[in-house]
file data-v3.pdb (PDB, N, CA and C atoms)
ATOM      1  N   MET P  12     106.716  54.977  92.895  1.00  0.00           N
ATOM      2  CA  MET P  12     107.210  55.818  91.814  1.00  0.00           C
ATOM      3  C   MET P  12     106.344  57.071  91.726  1.00  0.00           C
ATOM      4  N   SER P  13     106.973  58.235  91.720  1.00  0.00           N
ATOM      5  CA  SER P  13     106.201  59.476  91.625  1.00  0.00           C
ATOM      6  C   SER P  13     105.867  59.763  90.172  1.00  0.00           C
ATOM      7  N   GLN P  14     104.722  60.383  89.991  1.00  0.00           N
ATOM      8  CA  GLN P  14     104.288  60.736  88.649  1.00  0.00           C
ATOM      9  C   GLN P  14     104.333  62.243  88.487  1.00  0.00           C
ATOM     10  N   LEU P  15     104.666  62.672  87.304  1.00  0.00           N
ATOM     11  CA  LEU P  15     104.668  64.086  86.975  1.00  0.00           C
ATOM     12  C   LEU P  15     103.250  64.465  86.578  1.00  0.00           C
ATOM     13  N   HIS P  16     102.639  65.349  87.334  1.00  0.00           N
ATOM     14  CA  HIS P  16     101.283  65.800  87.028  1.00  0.00           C
ATOM     15  C   HIS P  16     101.369  67.055  86.180  1.00  0.00           C
ATOM     16  N   ARG P  17     101.008  66.915  84.930  1.00  0.00           N
ATOM     17  CA  ARG P  17     101.064  68.035  84.004  1.00  0.00           C
ATOM     18  C   ARG P  17      99.656  68.388  83.596  1.00  0.00           C
ATOM     19  N   GLY P  18      99.476  69.602  83.214  1.00  0.00           N
ATOM     20  CA  GLY P  18      98.185  70.038  82.732  1.00  0.00           C
ATOM     21  C   GLY P  18      98.050  71.536  82.828  1.00  0.00           C
ATOM     22  N   GLN P  19      96.987  72.045  82.267  1.00  0.00           N
ATOM     23  CA  GLN P  19      96.761  73.474  82.226  1.00  0.00           C
ATOM     24  C   GLN P  19      96.796  74.055  83.638  1.00  0.00           C
ATOM     25  N   GLY P  20      97.576  75.106  83.817  1.00  0.00           N
ATOM     26  CA  GLY P  20      97.710  75.761  85.091  1.00  0.00           C
ATOM     27  C   GLY P  20      98.753  75.143  86.008  1.00  0.00           C
ATOM     28  N   LYS P  21      99.316  74.003  85.625  1.00  0.00           N
ATOM     29  CA  LYS P  21     100.333  73.339  86.444  1.00  0.00           C
ATOM     30  C   LYS P  21     101.730  73.494  85.868  1.00  0.00           C
ATOM     31  N   ASP P  22     101.821  73.936  84.643  1.00  0.00           N
ATOM     32  CA  ASP P  22     103.105  74.079  83.961  1.00  0.00           C
ATOM     33  C   ASP P  22     103.412  75.549  83.732  1.00  0.00           C
ATOM     34  N   LEU P  23     104.690  75.857  83.579  1.00  0.00           N
ATOM     35  CA  LEU P  23     105.080  77.200  83.187  1.00  0.00           C
ATOM     36  C   LEU P  23     104.940  77.351  81.686  1.00  0.00           C
ATOM     37  N   CYS P  24     104.719  78.568  81.244  1.00  0.00           N
ATOM     38  CA  CYS P  24     104.572  78.836  79.818  1.00  0.00           C
ATOM     39  C   CYS P  24     105.836  78.409  79.069  1.00  0.00           C
ATOM     40  N   GLY P  25     106.979  78.937  79.492  1.00  0.00           N
ATOM     41  CA  GLY P  25     108.238  78.539  78.874  1.00  0.00           C
ATOM     42  C   GLY P  25     108.476  79.083  77.483  1.00  0.00           C
ATOM     43  N   ARG P  26     107.596  79.939  76.957  1.00  0.00           N
ATOM     44  CA  ARG P  26     107.797  80.501  75.622  1.00  0.00           C
ATOM     45  C   ARG P  26     109.074  81.308  75.612  1.00  0.00           C
ATOM     46  N   VAL P  27     109.844  81.164  74.560  1.00  0.00           N
ATOM     47  CA  VAL P  27     111.114  81.870  74.407  1.00  0.00           C
ATOM     48  C   VAL P  27     110.913  83.045  73.457  1.00  0.00           C
ATOM     49  N   HIS P  28     111.415  84.212  73.859  1.00  0.00           N
ATOM     50  CA  HIS P  28     111.337  85.419  73.037  1.00  0.00           C
ATOM     51  C   HIS P  28     112.139  85.174  71.764  1.00  0.00           C
ATOM     52  N   GLY P  29     111.540  85.430  70.617  1.00  0.00           N
ATOM     53  CA  GLY P  29     112.164  85.121  69.337  1.00  0.00           C
ATOM     54  C   GLY P  29     113.396  85.928  69.008  1.00  0.00           C
ATOM     55  N   VAL P  30     113.619  87.050  69.672  1.00  0.00           N
ATOM     56  CA  VAL P  30     114.785  87.880  69.377  1.00  0.00           C
ATOM     57  C   VAL P  30     115.822  87.781  70.493  1.00  0.00           C
ATOM     58  N   THR P  31     115.393  87.951  71.741  1.00  0.00           N
ATOM     59  CA  THR P  31     116.346  87.989  72.850  1.00  0.00           C
ATOM     60  C   THR P  31     116.636  86.629  73.457  1.00  0.00           C
ATOM     61  N   GLY P  32     115.735  85.662  73.271  1.00  0.00           N
ATOM     62  CA  GLY P  32     115.943  84.324  73.812  1.00  0.00           C
ATOM     63  C   GLY P  32     115.554  84.160  75.273  1.00  0.00           C
ATOM     64  N   ILE P  33     114.992  85.209  75.902  1.00  0.00           N
ATOM     65  CA  ILE P  33     114.566  85.070  77.291  1.00  0.00           C
ATOM     66  C   ILE P  33     113.312  84.206  77.366  1.00  0.00           C
ATOM     67  N   GLU P  34     113.074  83.613  78.519  1.00  0.00           N
ATOM     68  CA  GLU P  34     111.986  82.657  78.668  1.00  0.00           C
ATOM     69  C   GLU P  34     110.881  83.216  79.566  1.00  0.00           C
ATOM     70  N   CYS P  35     109.634  82.931  79.193  1.00  0.00           N
ATOM     71  CA  CYS P  35     108.484  83.342  79.999  1.00  0.00           C
ATOM     72  C   CYS P  35     108.380  82.433  81.223  1.00  0.00           C
ATOM     73  N   VAL P  36     108.201  83.050  82.388  1.00  0.00           N
ATOM     74  CA  VAL P  36     108.159  82.299  83.639  1.00  0.00           C
ATOM     75  C   VAL P  36     106.760  82.263  84.255  1.00  0.00           C
ATOM     76  N   LEU P  37     105.758  82.694  83.523  1.00  0.00           N
ATOM     77  CA  LEU P  37     104.387  82.683  84.035  1.00  0.00           C
ATOM     78  C   LEU P  37     103.759  81.299  83.860  1.00  0.00           C
ATOM     79  N   PRO P  38     102.671  81.020  84.598  1.00  0.00           N
ATOM     80  CA  PRO P  38     101.939  79.767  84.359  1.00  0.00           C
ATOM     81  C   PRO P  38     101.412  79.731  82.926  1.00  0.00           C
ATOM     82  N   ASP P  39     101.165  78.540  82.425  1.00  0.00           N
ATOM     83  CA  ASP P  39     100.715  78.402  81.035  1.00  0.00           C
ATOM     84  C   ASP P  39      99.315  78.951  80.802  1.00  0.00           C
ATOM     85  N   THR P  40      98.667  79.451  81.818  1.00  0.00           N
ATOM     86  CA  THR P  40      97.316  79.991  81.674  1.00  0.00           C
ATOM     87  C   THR P  40      97.296  81.520  81.661  1.00  0.00           C
ATOM     88  N   HIS P  41      98.432  82.183  81.432  1.00  0.00           N
ATOM     89  CA  HIS P  41      98.487  83.635  81.508  1.00  0.00           C
ATOM     90  C   HIS P  41      97.833  84.356  80.340  1.00  0.00           C
ATOM     91  N   PHE P  42      97.559  83.660  79.248  1.00  0.00           N
ATOM     92  CA  PHE P  42      96.932  84.294  78.077  1.00  0.00           C
ATOM     93  C   PHE P  42      95.608  84.920  78.492  1.00  0.00           C
ATOM     94  N   PRO P  43      95.248  86.121  78.088  1.00  0.00           N
ATOM     95  CA  PRO P  43      95.831  86.972  77.052  1.00  0.00           C
ATOM     96  C   PRO P  43      96.854  87.977  77.580  1.00  0.00           C
ATOM     97  N   HIS P  44      97.268  87.854  78.799  1.00  0.00           N
ATOM     98  CA  HIS P  44      98.267  88.770  79.348  1.00  0.00           C
ATOM     99  C   HIS P  44      99.627  88.479  78.714  1.00  0.00           C
ATOM    100  N   PRO P  45     100.521  89.485  78.686  1.00  0.00           N
ATOM    101  CA  PRO P  45     101.807  89.283  78.015  1.00  0.00           C
ATOM    102  C   PRO P  45     102.705  88.290  78.737  1.00  0.00           C
ATOM    103  N   HIS P  46     103.682  87.805  77.991  1.00  0.00           N
ATOM    104  CA  HIS P  46     104.721  86.955  78.569  1.00  0.00           C
ATOM    105  C   HIS P  46     105.586  87.820  79.488  1.00  0.00           C
ATOM    106  N   HIS P  47     106.180  87.209  80.522  1.00  0.00           N
ATOM    107  CA  HIS P  47     107.067  87.915  81.455  1.00  0.00           C
ATOM    108  C   HIS P  47     108.321  87.080  81.677  1.00  0.00           C
ATOM    109  N   SER P  48     109.482  87.752  81.693  1.00  0.00           N
ATOM    110  CA  SER P  48     110.739  87.080  82.023  1.00  0.00           C
ATOM    111  C   SER P  48     111.091  87.376  83.475  1.00  0.00           C
ATOM    112  N   LEU P  49     112.084  86.661  83.991  1.00  0.00           N
ATOM    113  CA  LEU P  49     112.527  86.903  85.362  1.00  0.00           C
ATOM    114  C   LEU P  49     113.057  88.321  85.572  1.00  0.00           C
ATOM    115  N   ASP P  50     113.621  88.910  84.519  1.00  0.00           N
ATOM    116  CA  ASP P  50     114.162  90.266  84.666  1.00  0.00           C
ATOM    117  C   ASP P  50     113.111  91.356  84.456  1.00  0.00           C
ATOM    118  N   GLY P  51     111.848  90.974  84.272  1.00  0.00           N
ATOM    119  CA  GLY P  51     110.763  91.947  84.182  1.00  0.00           C
ATOM    120  C   GLY P  51     110.352  92.355  82.784  1.00  0.00           C
ATOM    121  N   GLU P  52     111.031  91.859  81.759  1.00  0.00           N
ATOM    122  CA  GLU P  52     110.646  92.204  80.395  1.00  0.00           C
ATOM    123  C   GLU P  52     109.320  91.527  80.056  1.00  0.00           C
ATOM    124  N   THR P  53     108.475  92.231  79.332  1.00  0.00           N
ATOM    125  CA  THR P  53     107.193  91.668  78.898  1.00  0.00           C
ATOM    126  C   THR P  53     107.096  91.744  77.380  1.00  0.00           C
ATOM    127  N   TRP P  54     106.347  90.824  76.787  1.00  0.00           N
ATOM    128  CA  TRP P  54     106.155  90.837  75.340  1.00  0.00           C
ATOM    129  C   TRP P  54     104.923  90.011  74.959  1.00  0.00           C
ATOM    130  N   HIS P  55     104.373  90.353  73.808  1.00  0.00           N
ATOM    131  CA  HIS P  55     103.337  89.568  73.156  1.00  0.00           C
ATOM    132  C   HIS P  55     103.981  88.969  71.916  1.00  0.00           C
ATOM    133  N   ASP P  56     103.511  87.815  71.495  1.00  0.00           N
ATOM    134  CA  ASP P  56     104.039  87.231  70.268  1.00  0.00           C
ATOM    135  C   ASP P  56     102.955  86.481  69.514  1.00  0.00           C
ATOM    136  N   GLY P  57     103.285  86.116  68.298  1.00  0.00           N
ATOM    137  CA  GLY P  57     102.387  85.353  67.446  1.00  0.00           C
ATOM    138  C   GLY P  57     103.211  84.463  66.540  1.00  0.00           C
ATOM    139  N   LEU P  58     102.537  83.597  65.798  1.00  0.00           N
ATOM    140  CA  LEU P  58     103.263  82.731  64.867  1.00  0.00           C
ATOM    141  C   LEU P  58     104.121  83.571  63.939  1.00  0.00           C
ATOM    142  N   CYS P  59     105.296  83.098  63.700  1.00  0.00           N
ATOM    143  CA  CYS P  59     106.238  83.817  62.844  1.00  0.00           C
ATOM    144  C   CYS P  59     105.655  83.968  61.442  1.00  0.00           C
ATOM    145  N   SER P  60     105.740  85.172  60.925  1.00  0.00           N
ATOM    146  CA  SER P  60     105.178  85.438  59.598  1.00  0.00           C
ATOM    147  C   SER P  60     106.077  84.941  58.465  1.00  0.00           C
ATOM    148  N   ARG P  61     107.300  84.567  58.772  1.00  0.00           N
ATOM    149  CA  ARG P  61     108.184  84.041  57.734  1.00  0.00           C
ATOM    150  C   ARG P  61     108.108  82.517  57.648  1.00  0.00           C
ATOM    151  N   CYS P  62     108.193  81.824  58.791  1.00  0.00           N
ATOM    152  CA  CYS P  62     108.241  80.350  58.759  1.00  0.00           C
ATOM    153  C   CYS P  62     106.914  79.705  59.171  1.00  0.00           C
ATOM    154  N   ALA P  63     105.909  80.518  59.469  1.00  0.00           N
ATOM    155  CA  ALA P  63     104.581  80.048  59.869  1.00  0.00           C
ATOM    156  C   ALA P  63     104.629  79.119  61.081  1.00  0.00           C
ATOM    157  N   GLY P  64     105.582  79.370  61.966  1.00  0.00           N
ATOM    158  CA  GLY P  64     105.668  78.601  63.203  1.00  0.00           C
ATOM    159  C   GLY P  64     106.544  77.371  63.119  1.00  0.00           C
ATOM    160  N   GLY P  65     107.103  77.092  61.953  1.00  0.00           N
ATOM    161  CA  GLY P  65     107.913  75.890  61.782  1.00  0.00           C
ATOM    162  C   GLY P  65     109.351  76.016  62.276  1.00  0.00           C
ATOM    163  N   GLY P  66     109.830  77.243  62.404  1.00  0.00           N
ATOM    164  CA  GLY P  66     111.188  77.469  62.889  1.00  0.00           C
ATOM    165  C   GLY P  66     112.265  77.447  61.827  1.00  0.00           C
ATOM    166  N   THR P  67     111.917  76.996  60.620  1.00  0.00           N
ATOM    167  CA  THR P  67     112.901  76.997  59.530  1.00  0.00           C
ATOM    168  C   THR P  67     112.298  77.668  58.296  1.00  0.00           C
ATOM    169  N   HIS P  68     113.186  78.242  57.491  1.00  0.00           N
ATOM    170  CA  HIS P  68     112.789  78.878  56.241  1.00  0.00           C
ATOM    171  C   HIS P  68     113.892  78.598  55.232  1.00  0.00           C
ATOM    172  N   ASP P  69     113.537  78.069  54.080  1.00  0.00           N
ATOM    173  CA  ASP P  69     114.515  77.686  53.047  1.00  0.00           C
ATOM    174  C   ASP P  69     115.581  76.745  53.606  1.00  0.00           C
ATOM    175  N   HIS P  70     115.146  75.779  54.419  1.00  0.00           N
ATOM    176  CA  HIS P  70     115.994  74.720  54.977  1.00  0.00           C
ATOM    177  C   HIS P  70     117.052  75.214  55.962  1.00  0.00           C
ATOM    178  N   THR P  71     116.864  76.410  56.524  1.00  0.00           N
ATOM    179  CA  THR P  71     117.764  76.916  57.561  1.00  0.00           C
ATOM    180  C   THR P  71     116.930  77.497  58.702  1.00  0.00           C
ATOM    181  N   THR P  72     117.560  77.721  59.831  1.00  0.00           N
ATOM    182  CA  THR P  72     116.865  78.335  60.963  1.00  0.00           C
ATOM    183  C   THR P  72     116.322  79.686  60.536  1.00  0.00           C
ATOM    184  N   CYS P  73     115.063  79.906  60.818  1.00  0.00           N
ATOM    185  CA  CYS P  73     114.410  81.157  60.434  1.00  0.00           C
ATOM    186  C   CYS P  73     115.111  82.341  61.095  1.00  0.00           C
ATOM    187  N   ASP P  74     115.471  83.341  60.290  1.00  0.00           N
ATOM    188  CA  ASP P  74     116.175  84.509  60.830  1.00  0.00           C
ATOM    189  C   ASP P  74     115.238  85.515  61.491  1.00  0.00           C
ATOM    190  N   ARG P  75     113.945  85.353  61.303  1.00  0.00           N
ATOM    191  CA  ARG P  75     113.007  86.280  61.932  1.00  0.00           C
ATOM    192  C   ARG P  75     112.698  85.876  63.369  1.00  0.00           C
ATOM    193  N   CYS P  76     112.560  84.565  63.637  1.00  0.00           N
ATOM    194  CA  CYS P  76     112.187  84.099  64.982  1.00  0.00           C
ATOM    195  C   CYS P  76     113.296  83.300  65.658  1.00  0.00           C
ATOM    196  N   ASN P  77     114.434  83.143  64.987  1.00  0.00           N
ATOM    197  CA  ASN P  77     115.562  82.367  65.515  1.00  0.00           C
ATOM    198  C   ASN P  77     115.177  80.934  65.845  1.00  0.00           C
ATOM    199  N   GLY P  78     114.258  80.382  65.059  1.00  0.00           N
ATOM    200  CA  GLY P  78     113.873  78.982  65.219  1.00  0.00           C
ATOM    201  C   GLY P  78     112.817  78.714  66.275  1.00  0.00           C
ATOM    202  N   THR P  79     112.321  79.752  66.956  1.00  0.00           N
ATOM    203  CA  THR P  79     111.324  79.531  67.996  1.00  0.00           C
ATOM    204  C   THR P  79     109.928  79.321  67.435  1.00  0.00           C
ATOM    205  N   GLY P  80     109.678  79.808  66.217  1.00  0.00           N
ATOM    206  CA  GLY P  80     108.358  79.689  65.602  1.00  0.00           C
ATOM    207  C   GLY P  80     107.425  80.838  65.958  1.00  0.00           C
ATOM    208  N   PHE P  81     107.875  81.729  66.843  1.00  0.00           N
ATOM    209  CA  PHE P  81     107.058  82.868  67.265  1.00  0.00           C
ATOM    210  C   PHE P  81     107.877  84.136  67.177  1.00  0.00           C
ATOM    211  N   GLU P  82     107.229  85.229  66.741  1.00  0.00           N
ATOM    212  CA  GLU P  82     107.910  86.513  66.682  1.00  0.00           C
ATOM    213  C   GLU P  82     107.165  87.532  67.539  1.00  0.00           C
ATOM    214  N   PRO P  83     107.908  88.441  68.162  1.00  0.00           N
ATOM    215  CA  PRO P  83     107.257  89.470  68.962  1.00  0.00           C
ATOM    216  C   PRO P  83     106.338  90.329  68.101  1.00  0.00           C
ATOM    217  N   ILE P  84     105.225  90.745  68.663  1.00  0.00           N
ATOM    218  CA  ILE P  84     104.304  91.630  67.955  1.00  0.00           C
ATOM    219  C   ILE P  84     104.002  92.827  68.850  1.00  0.00           C
ATOM    220  N   ALA P  85     103.683  93.933  68.227  1.00  0.00           N
ATOM    221  CA  ALA P  85     103.275  95.134  68.950  1.00  0.00           C
ATOM    222  C   ALA P  85     101.759  95.244  68.851  1.00  0.00           C
ATOM    223  N   LEU P  86     101.108  95.308  69.980  1.00  0.00           N
ATOM    224  CA  LEU P  86      99.659  95.467  69.993  1.00  0.00           C
ATOM    225  C   LEU P  86      99.310  96.941  69.906  1.00  0.00           C
ATOM    226  N   PRO P  87      98.203  97.268  69.239  1.00  0.00           N
ATOM    227  CA  PRO P  87      97.816  98.674  69.174  1.00  0.00           C
ATOM    228  C   PRO P  87      97.453  99.195  70.563  1.00  0.00           C
ATOM    229  N   ASP P  88      97.744 100.448  70.798  1.00  0.00           N
ATOM    230  CA  ASP P  88      97.391 101.086  72.063  1.00  0.00           C
ATOM    231  C   ASP P  88      95.877 101.278  72.087  1.00  0.00           C
ATOM    232  N   PRO P  89      95.176 100.674  73.051  1.00  0.00           N
ATOM    233  CA  PRO P  89      93.714 100.786  73.065  1.00  0.00           C
ATOM    234  C   PRO P  89      93.213 102.215  73.268  1.00  0.00           C
ATOM    235  N   ASP P  90      94.059 103.091  73.813  1.00  0.00           N
ATOM    236  CA  ASP P  90      93.645 104.482  74.012  1.00  0.00           C
ATOM    237  C   ASP P  90      93.694 105.309  72.736  1.00  0.00           C
ATOM    238  N   THR P  91      94.508 104.886  71.768  1.00  0.00           N
ATOM    239  CA  THR P  91      94.656 105.664  70.545  1.00  0.00           C
ATOM    240  C   THR P  91      94.206 104.911  69.287  1.00  0.00           C
ATOM    241  N   TYR P  92      93.868 103.623  69.422  1.00  0.00           N
ATOM    242  CA  TYR P  92      93.491 102.808  68.252  1.00  0.00           C
ATOM    243  C   TYR P  92      92.181 103.296  67.655  1.00  0.00           C
ATOM    244  N   GLN P  93      92.162 103.449  66.325  1.00  0.00           N
ATOM    245  CA  GLN P  93      90.948 103.794  65.621  1.00  0.00           C
ATOM    246  C   GLN P  93      90.735 102.780  64.517  1.00  0.00           C
ATOM    247  N   ALA P  94      89.659 102.043  64.609  1.00  0.00           N
ATOM    248  CA  ALA P  94      89.374 100.998  63.612  1.00  0.00           C
ATOM    249  C   ALA P  94      89.183 101.601  62.239  1.00  0.00           C
ATOM    250  N   GLY P  95      89.706 100.883  61.230  1.00  0.00           N
ATOM    251  CA  GLY P  95      89.646 101.113  59.837  1.00  0.00           C
ATOM    252  C   GLY P  95      89.003 102.273  59.277  1.00  0.00           C
TER
END
call {"tool": "encode", "arguments": {"input": "data-v3.pdb", "output": "structure tokens"}}
result
Amino acid sequence: MSQLHRGQGKDLCGRVHGVTGIECVLPDTHFPHPHHSLDGETWHDGLCSRCAGGGTHDHTTCDRCNGTGFEPIALPDPDTYQAG
């Protein structure tokens, strides 16, 4: 009987974009680099600010992350970012 060997660096990330629904195809160790889809789209995401990662809000699918628990975020441009 064959066994499925799972673990860090052996699995794909599989994170789903909270708006478009595309899936990340990179290894699960790609952090802190952005997620990538097969069609070349890239994105960063974080826990959904509405459902706190639970996927539901007020007993329905969260409309901000579409139930994924993660929402896309925009990172500041390091060339133009000025701290506080």
call {"tool": "resolve_selection", "arguments": {"input": "data-v3.pdb", "expression": "the PyMOL selection byres ((chain P and resi 47) around 6)", "output": "list in words"}}
result
Glu34, Cys35, Val36, Leu37, Pro45, His46, Ser48, Leu49, Gly51, Glu52, Thr53 and Trp54 of chain P
call {"tool": "residues_near_point", "arguments": {"input": "data-v3.pdb", "point": "(103.6, 88.9, 69.0)", "cutoff": "8 Å", "atoms": "all atoms listed in the file", "output": "count of residues only"}}
result
11
call {"tool": "select_by_dssp", "arguments": {"input": "data-v3.pdb", "residues": "segment 65-94 of chain P", "states": "strand (DSSP E)", "output": "list in words"}}
result
Thr67, His68, Thr71, Thr72, Phe81, Glu82, Pro83 and Ile84 of chain P
call {"tool": "atom_distance", "arguments": {"input": "data-v3.pdb", "atom1": "atom CA of Thr91 of chain P", "atom2": "atom CA of Ser60 of chain P"}}
result
25.3 Å
call {"tool": "resolve_selection", "arguments": {"input": "data-v3.pdb", "expression": "the PyMOL selection byres ((chain P and resi 80) around 7)", "output": "ChimeraX atom specification"}}
result
/P:29,57-60,62-67,76-79,81-82
call {"tool": "atom_distance", "arguments": {"input": "data-v3.pdb", "atom1": "atom C of Gly25 of chain P", "atom2": "atom C of Asp88 of chain P"}}
result
26.1 Å
call {"tool": "closest_residue", "arguments": {"input": "data-v3.pdb", "among": "P:Cys24, P:Asp50, P:Gln93, P:Arg61", "to": "Pro38 of chain P", "atoms": "all atoms listed in the file"}}
result
P:Cys24
call {"tool": "atom_distance", "arguments": {"input": "data-v3.pdb", "atom1": "atom N of Pro87 of chain P", "atom2": "atom CA of Ile33 of chain P"}}
result
21.9 Å
call {"tool": "axis_aligned_box", "arguments": {"input": "data-v3.pdb", "around": "segment 76-84 of chain P", "padding_each_side": "8 Å", "output": "AutoDock Vina command-line options"}}
result
--center_x 109.8 --center_y 85.8 --center_z 66.3 --size_x 27.6 --size_y 30.1 --size_z 21.3
